[in-house]
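Heads up, my_file14.tsv below (TSV, C-alpha atoms):
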```tsv
chain	number	residue	atom	x	y	z
A	196	MET	CA	40.64	20.80	-42.99
A	197	SER	CA	37.94	23.34	-42.15
A	198	GLU	CA	38.02	25.42	-39.01
A	199	GLU	CA	34.78	23.87	-37.82
A	200	LEU	CA	36.14	20.31	-38.12
A	201	LYS	CA	39.32	21.31	-36.29
A	202	LYS	CA	37.28	22.70	-33.40
A	203	GLU	CA	35.28	19.46	-33.11
A	204	MET	CA	38.45	17.36	-32.98
A	205	GLU	CA	40.00	19.61	-30.36
A	206	GLN	CA	36.84	19.35	-28.24
A	207	GLU	CA	36.91	15.53	-28.40
A	208	VAL	CA	40.57	15.45	-27.35
A	209	LYS	CA	39.82	17.74	-24.39
A	210	GLU	CA	36.90	15.57	-23.26
A	211	GLU	CA	39.01	12.41	-23.43
A	212	ALA	CA	41.79	14.08	-21.50
A	213	SER	CA	39.36	15.20	-18.78
A	214	MET	CA	37.94	11.69	-18.23
A	215	PRO	CA	39.43	9.89	-15.19
A	216	GLU	CA	41.79	7.09	-16.03
A	217	GLU	CA	40.39	3.62	-15.26
A	218	THR	CA	42.42	1.55	-12.82
A	219	MET	CA	42.65	-2.15	-12.05
A	220	GLU	CA	40.46	-1.51	-8.98
A	221	ASP	CA	37.70	-0.29	-11.25
A	222	TYR	CA	38.00	-3.44	-13.35
A	223	ALA	CA	38.00	-5.59	-10.20
A	224	ALA	CA	34.79	-3.95	-8.94
A	225	GLU	CA	33.08	-4.52	-12.29
A	226	LEU	CA	34.19	-8.14	-12.33
A	227	GLU	CA	32.92	-8.68	-8.76
A	228	ALA	CA	29.52	-7.23	-9.65
A	229	SER	CA	29.38	-9.49	-12.71
A	230	TYR	CA	30.30	-12.56	-10.63
A	231	GLN	CA	27.59	-11.74	-8.05
A	232	THR	CA	24.95	-11.37	-10.75
A	233	LEU	CA	26.03	-14.62	-12.38
A	234	ASN	CA	26.09	-16.43	-9.04
A	235	LYS	CA	22.58	-15.23	-8.21
A	236	ARG	CA	21.34	-16.44	-11.57
A	237	ASN	CA	22.99	-19.82	-11.04
A	238	ILE	CA	21.37	-20.15	-7.60
A	239	GLU	CA	17.96	-19.21	-8.98
A	240	ALA	CA	18.41	-21.66	-11.83
A	241	ALA	CA	19.37	-24.45	-9.40
A	242	GLU	CA	16.38	-23.67	-7.19
A	243	ASP	CA	14.11	-23.58	-10.19
A	244	GLU	CA	15.33	-27.04	-11.25
A	245	SER	CA	14.64	-28.41	-7.74
A	246	GLY	CA	11.17	-26.87	-7.69
A	247	GLU	CA	11.92	-24.53	-4.77
A	248	MET	CA	11.06	-21.37	-6.67
A	249	GLU	CA	7.77	-22.86	-7.78
A	250	LYS	CA	6.93	-23.70	-4.15
A	251	TRP	CA	7.63	-20.17	-2.99
A	252	ASN	CA	5.64	-18.69	-5.85
A	253	ASN	CA	2.75	-20.89	-4.74
A	254	PHE	CA	3.16	-19.72	-1.15
A	255	VAL	CA	3.01	-16.08	-2.25
A	256	GLN	CA	-0.16	-16.77	-4.25
A	257	MET	CA	-1.71	-18.70	-1.34
A	258	LYS	CA	-1.04	-15.74	0.92
A	259	GLU	CA	-2.78	-13.41	-1.53
A	260	ASP	CA	-5.76	-15.79	-1.85
A	261	HIS	CA	-6.04	-16.30	1.92
A	262	THR	CA	-5.88	-20.06	1.31
A	263	VAL	CA	-6.45	-22.24	4.38
A	264	VAL	CA	-3.80	-24.98	4.73
A	265	LYS	CA	-3.29	-27.85	7.15
A	266	VAL	CA	0.06	-28.18	8.91
A	267	LYS	CA	1.21	-30.75	11.45
A	268	ILE	CA	3.17	-29.32	14.38
A	269	VAL	CA	6.48	-31.14	14.83
A	270	GLU	CA	8.06	-29.09	17.59
A	271	ALA	CA	7.64	-26.17	19.96
A	272	VAL	CA	10.40	-23.56	19.89
A	273	LYS	CA	11.01	-20.25	21.58
A	274	GLY	CA	8.15	-17.96	20.68
A	275	GLY	CA	6.01	-20.43	18.77
A	276	VAL	CA	5.66	-23.79	17.05
A	277	VAL	CA	7.06	-25.29	13.84
A	278	GLY	CA	5.52	-27.45	11.14
A	279	TYR	CA	6.21	-28.16	7.48
A	280	LEU	CA	4.22	-27.04	4.49
A	281	ASP	CA	5.15	-28.82	1.26
A	282	ASP	CA	8.45	-29.82	2.95
A	283	VAL	CA	9.24	-26.18	3.76
A	284	ARG	CA	9.73	-25.16	7.40
A	285	ALA	CA	6.83	-23.00	8.57
A	286	PHE	CA	6.73	-21.02	11.82
A	287	ILE	CA	3.58	-20.14	13.79
A	288	PRO	CA	4.17	-17.47	16.46
A	289	GLY	CA	2.72	-18.21	19.90
A	290	SER	CA	0.26	-15.32	19.52
A	291	HIS	CA	-1.06	-16.88	16.29
A	292	VAL	CA	-1.53	-20.46	17.51
A	293	SER	CA	-5.06	-19.90	18.82
A	294	THR	CA	-7.64	-17.25	19.69
A	295	GLU	CA	-7.53	-18.63	23.22
A	296	TYR	CA	-4.69	-18.15	25.70
A	297	VAL	CA	-2.03	-20.86	25.25
A	298	GLU	CA	-0.21	-21.77	28.44
A	299	ASN	CA	2.04	-24.53	27.07
A	300	LEU	CA	3.04	-24.64	23.40
A	301	GLU	CA	4.29	-28.22	23.84
A	302	ASP	CA	0.64	-29.31	24.01
A	303	PHE	CA	0.34	-28.60	20.26
A	304	LYS	CA	3.13	-30.99	19.27
A	305	GLY	CA	1.71	-33.68	16.97
A	306	LYS	CA	-1.53	-31.75	16.34
A	307	THR	CA	-2.64	-30.65	12.89
A	308	LEU	CA	-3.73	-27.02	12.66
A	309	GLU	CA	-5.60	-25.13	9.99
A	310	ALA	CA	-3.78	-21.92	9.15
A	311	VAL	CA	-3.24	-19.19	6.59
A	312	ILE	CA	0.06	-17.79	5.35
A	313	ILE	CA	0.81	-14.31	6.71
A	314	THR	CA	4.44	-14.05	5.52
A	315	ALA	CA	5.97	-15.64	2.42
A	316	ASP	CA	9.48	-14.29	1.83
A	317	PRO	CA	11.29	-16.33	-0.89
A	318	GLU	CA	14.51	-14.34	-0.64
A	319	ASN	CA	14.97	-15.00	3.07
A	320	LYS	CA	13.19	-18.37	3.01
A	321	LYS	CA	10.77	-17.13	5.65
A	322	LEU	CA	7.34	-18.77	5.89
A	323	VAL	CA	5.02	-17.68	8.73
A	324	LEU	CA	1.50	-18.99	9.35
A	325	SER	CA	-1.48	-18.06	11.55
A	326	ALA	CA	-3.97	-20.56	12.97
A	327	ARG	CA	-5.53	-17.83	15.07
A	328	GLN	CA	-6.78	-16.02	11.97
A	329	VAL	CA	-8.60	-19.13	10.73
A	330	GLU	CA	-10.30	-19.60	14.12
A	331	LYS	CA	-11.25	-15.93	14.16
A	332	ASP	CA	-12.74	-16.09	10.65
A	333	LYS	CA	-14.76	-19.22	11.54
A	334	LYS	CA	-16.17	-17.62	14.70
A	335	GLU	CA	-17.12	-14.48	12.80
A	336	ALA	CA	-18.87	-16.52	10.08
A	337	ALA	CA	-20.79	-18.49	12.73
A	338	ARG	CA	-21.77	-15.26	14.50
A	339	LYS	CA	-23.12	-13.75	11.28
A	340	GLU	CA	-25.13	-16.91	10.67
A	341	ARG	CA	-26.66	-16.74	14.15
A	342	MET	CA	-27.35	-13.00	13.77
A	343	ALA	CA	-29.34	-13.74	10.61
A	344	GLN	CA	-31.98	-15.38	12.85
A	345	PHE	CA	-32.92	-12.05	14.40
A	346	LYS	CA	-35.17	-9.54	12.66
A	347	ALA	CA	-36.47	-6.08	13.59
A	348	GLY	CA	-39.81	-6.41	15.38
A	349	ASP	CA	-39.06	-9.81	16.93
A	350	ILE	CA	-39.70	-10.28	20.65
A	351	VAL	CA	-37.02	-12.46	22.22
A	352	GLU	CA	-35.53	-13.43	25.56
A	353	GLY	CA	-31.93	-12.80	26.56
A	354	THR	CA	-29.58	-12.59	29.51
A	355	VAL	CA	-28.01	-9.41	30.84
A	356	ASP	CA	-24.35	-9.95	30.01
A	357	SER	CA	-22.87	-6.66	31.19
A	358	ILE	CA	-24.05	-3.28	32.43
A	359	LYS	CA	-22.57	0.05	31.34
A	360	ASP	CA	-23.44	3.65	32.13
A	361	TYR	CA	-25.11	4.03	28.73
A	362	GLY	CA	-27.05	0.77	28.76
A	363	ALA	CA	-26.75	-3.01	28.99
A	364	PHE	CA	-25.55	-5.71	26.63
A	365	ILE	CA	-28.03	-8.57	26.34
A	366	LYS	CA	-26.79	-11.98	25.25
A	367	LEU	CA	-29.27	-13.36	22.72
A	368	ALA	CA	-27.24	-16.34	21.50
A	369	ASP	CA	-23.69	-17.64	21.64
A	370	GLY	CA	-21.54	-14.80	20.34
A	371	VAL	CA	-24.54	-12.55	19.63
A	372	ASP	CA	-25.23	-9.57	21.88
A	373	GLY	CA	-27.66	-6.70	21.53
A	374	LEU	CA	-27.48	-3.23	23.08
A	375	LEU	CA	-30.31	-2.18	25.35
A	376	HIS	CA	-29.78	1.58	25.63
A	377	VAL	CA	-30.60	3.21	28.97
A	378	SER	CA	-33.37	5.21	27.27
A	379	GLN	CA	-35.02	1.95	26.13
A	380	ILE	CA	-35.09	0.17	29.49
A	381	SER	CA	-38.17	1.72	31.09
A	382	THR	CA	-41.07	4.04	30.34
A	383	GLN	CA	-39.86	5.95	33.39
A	384	ARG	CA	-36.65	7.96	33.21
A	385	ILE	CA	-33.78	6.23	35.02
A	386	LYS	CA	-30.27	7.49	35.69
A	387	HIS	CA	-28.43	4.16	35.45
A	388	PRO	CA	-29.34	0.72	33.99
A	389	GLY	CA	-28.34	-0.90	37.29
A	390	VAL	CA	-31.45	0.59	38.90
A	391	VAL	CA	-33.59	-1.87	36.92
A	392	LEU	CA	-31.22	-4.58	35.72
A	393	LYS	CA	-28.58	-6.89	37.12
A	394	GLU	CA	-26.07	-9.18	35.41
A	395	GLY	CA	-27.38	-12.67	34.75
A	396	GLN	CA	-31.00	-11.52	34.75
A	397	THR	CA	-33.29	-12.92	32.05
A	398	VAL	CA	-35.23	-10.23	30.20
A	399	LYS	CA	-37.73	-10.06	27.38
A	400	VAL	CA	-36.90	-7.46	24.73
A	401	LYS	CA	-38.09	-6.22	21.37
A	402	ILE	CA	-35.60	-5.92	18.52
A	403	LEU	CA	-35.67	-2.38	17.15
A	404	SER	CA	-33.08	-2.77	14.41
A	405	VAL	CA	-30.43	-5.12	13.01
A	406	GLY	CA	-27.58	-3.82	10.87
A	407	ASP	CA	-23.80	-3.40	10.53
A	408	GLY	CA	-23.27	-6.28	12.96
A	409	ARG	CA	-25.30	-4.54	15.68
A	410	ILE	CA	-28.65	-5.25	17.29
A	411	SER	CA	-30.64	-2.54	19.08
A	412	LEU	CA	-33.12	-3.66	21.74
A	413	SER	CA	-35.95	-2.20	23.79
A	414	MET	CA	-37.79	-3.17	26.97
A	415	LYS	CA	-39.57	0.18	26.93
A	416	ALA	CA	-41.49	-0.70	23.74
A	417	LEU	CA	-42.89	-3.85	25.37
A	418	ALA	CA	-43.78	-2.03	28.60
A	419	ALA	CA	-45.57	0.73	26.67
A	420	ALA	CA	-47.58	-1.82	24.68
A	421	LYS	CA	-48.56	-3.66	27.87
A	422	GLU	CA	-49.67	-0.43	29.59
A	423	GLU	CA	-51.79	0.47	26.58
A	424	GLU	CA	-53.41	-2.97	26.60
A	425	GLU	CA	-54.18	-2.79	30.33
A	426	ALA	CA	-55.69	0.69	29.92
A	427	HIS	CA	-57.90	-0.59	27.12
A	428	GLU	CA	-59.09	-3.52	29.26
A	429	HIS	CA	-59.86	-1.16	32.16
A	430	TYR	CA	-62.26	0.95	30.10
A	431	ASP	CA	-63.82	-1.95	28.25
A	432	TYR	CA	-67.25	-3.11	29.34
A	433	LYS	CA	-69.86	-5.71	28.56
A	434	GLU	CA	-73.55	-4.97	28.16
A	435	THR	CA	-75.32	-6.68	31.05
A	436	ALA	CA	-78.91	-5.55	30.40
A	437	SER	CA	-81.17	-5.49	27.37
A	438	VAL	CA	-83.46	-2.61	26.35
A	439	THR	CA	-86.85	-3.30	24.77
A	440	THR	CA	-89.88	-1.27	23.78
A	441	GLY	CA	-92.26	-4.25	23.62
A	442	LEU	CA	-95.87	-3.65	24.81
A	443	GLY	CA	-95.62	-6.50	27.26
A	444	GLU	CA	-92.66	-4.90	28.99
A	445	LEU	CA	-94.42	-1.50	29.15
A	446	LEU	CA	-97.60	-2.97	30.69
A	447	LYS	CA	-95.73	-5.29	33.01
A	448	GLY	CA	-96.29	-4.33	36.61
A	449	LEU	CA	-99.27	-2.02	35.97
A	450	LYS	CA	-102.21	-2.55	38.34
A	451	LEU	CA	-105.63	-2.59	36.66
A	452	ASN	CA	-108.80	-1.47	38.52
```
Whole structure given in structure tokens:
Amino acid sequence: MSEELKKEMEQEVKEEASMPEETMEDYAAELEASYQTLNKRNIEAAEDESGEMEKWNNFVQMKEDHTVVKVKIVEAVKGGVVGYLDDVRAFIPGSHVSTEYVENLEDFKGKTLEAVIITADPENKKLVLSARQVEKDKKEAARKERMAQFKAGDIVEGTVDSIKDYGAFIKLADGVDGLLHVSQISTQRIKHPGVVLKEGQTVKVKILSVGDGRISLSMKALAAAKEEEEAHEHYDYKETASVTTGLGELLKGLKLN
């Protein structure tokens, strides 16, 4: 046997001797881990056969797609209401029942709500919905539709909804407000919008711009145009006499001897 081969064999013996000896506890731990893995697989297989896994996979996809579902409320519980989606218990927190303040959750029992899934947790069998989000999305879509009616350059009427230091918000339609900046209220410089405006007052304004969900308004532009028109009318005149060089007109009134 060569010296090199002897050295390799000695090294292998040393490595084996240095390895810790396996005990029955080590075997027990490995067996337990194997049993847990097998048990989990058996549970998943059983759920898959019953269609539960497919349901939860659908819920996860519906959450990603922001799919609107209908759920009938069967009971009110602490902190929210409960319904069933595809025979799976679904919870709607009180803060997600509506965009409006809800005084009594019991009032929703028996009602069918449109909602979206905000939590789909297959492992913990946790399904949480939100009806508030659907309401909010519908209101925003309706607001955008109403905003599309208004174009830059239009002259419209609105109601002073609120007054701030920097200007006033004018209600043009349900859910549609425009900002009338303090610098656009009058041709004269004013310190505060309240000097000219009051809440509930009806005003005529010109739309300066529409974009990014905002509408900018001006009363000043209308006032300036009116002042210019009045000034033009003041200096306008109509010719009330006629000028002629006819011989008859020149001789008219002359006394002949």
Can you tell me which residues surround A:Leu300 at a distance of at most 12 Å, considering only C-alpha atoms, apart from same-chain residues fewer than 4 positions away, and format the answer as a PyMOL selection string? chain A and resi 268-277+287-293+296+304-306
Distance in Å - atom CA of A:Asp372 versus atom CA of A:Glu298: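 It comes out at 28.6 Å.
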To box stretch 379-396 of chain A, take all atoms listed in the file, fit an axis-aligned box, add 3 Å on each side, and give centre and edge lengths in Å to one decimal, as AutoDock Vina command-line options.
```
--center_x -33.6 --center_y -2.4 --center_z 32.5 --size_x 21.0 --size_y 26.6 --size_z 18.8
```
Write out as a PyMOL selection string which residues come within 12 Å of stretch 324-330 of chain A when counting all atoms listed in the file, dropping same-chain ones fewer than 2 positions away. chain A and resi 254+257-258+261-268+275-280+283-297+303+306-316+321-322+332-337
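The nearest approach to A:Ala418 among the residues A:Gln383, A:Leu403, A:Gly395, A:Lys320, with only C-alpha atoms taken into account, belongs to A:Gln383.
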What is the distance, in Å and to one decimal place, between atom CA of A:Glu352 and atom CA of A:Thr397?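 Atom-to-atom, atom CA of A:Glu352 to atom CA of A:Thr397, that is 6.9 Å.
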Taking only C-alpha atoms into account, name the residue in A:Asn299, A:Ser404, A:Gln379, A:Gln344 that is nearest to A:Tyr361. A:Gln379
Which one of A:Ser357, A:Ala420, A:Gly408, A:Ile365 sits closest to A:Ser381 if you count all atoms listed in the file? A:Ala420
List as a PyMOL selection string the protein and nucleic acid residues near A:Lys359, meaning an atom at most 12 Å away when all atoms listed in the file are counted, but skip any in the same chain fewer than 2 places from it. chain A and resi 355-357+361-365+374-377+386-390+392-394
Just give me the gap between atom CA of A:Gln256 and atom CA of A:Glu340 in Å, one decimal is fine. 29.1 Å
Identify, on the basis of all atoms listed in the file, every residue whose closest approach to A:Val351 does not exceed 7 Å; exclude the query and any residue fewer than 3 positions from it along the same chain; express the result as number ranges by chain. A: 399-401
Mind writing the picked residues with C-alpha atoms as an mmCIF file, in the coordinates of the input?
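The result, written out as again-v7.cif:
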```cif
data_model
loop_
_atom_site.group_PDB
_atom_site.id
_atom_site.type_symbol
_atom_site.label_atom_id
_atom_site.label_comp_id
_atom_site.auth_asym_id
_atom_site.auth_seq_id
_atom_site.Cartn_x
_atom_site.Cartn_y
_atom_site.Cartn_z
ATOM 1 C CA LYS A 399 -37.730 -10.060 27.380
ATOM 2 C CA VAL A 400 -36.900 -7.460 24.730
ATOM 3 C CA LYS A 401 -38.090 -6.220 21.370
#
```
Surrounding residues of A:Ala343 excluding itself and chain neighbours under 3 positions, 12 Å, only C-alpha atoms, as a PyMOL selection string: chain A and resi 336-340+346-347+368+371+405-410
From the set A:Arg341, A:Asp360, A:Trp251, A:Glu301, which residue has the shortest atom-to-atom contact distance to A:Ile385, counting all atoms listed in the file?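 Closest candidate: A:Asp360.
The smallest atom-to-atom distance between A:Ala416 and any of A:Val255, A:Ile402, A:Met342, A:Val391, using all atoms listed in the file, is found for A:Ile402.
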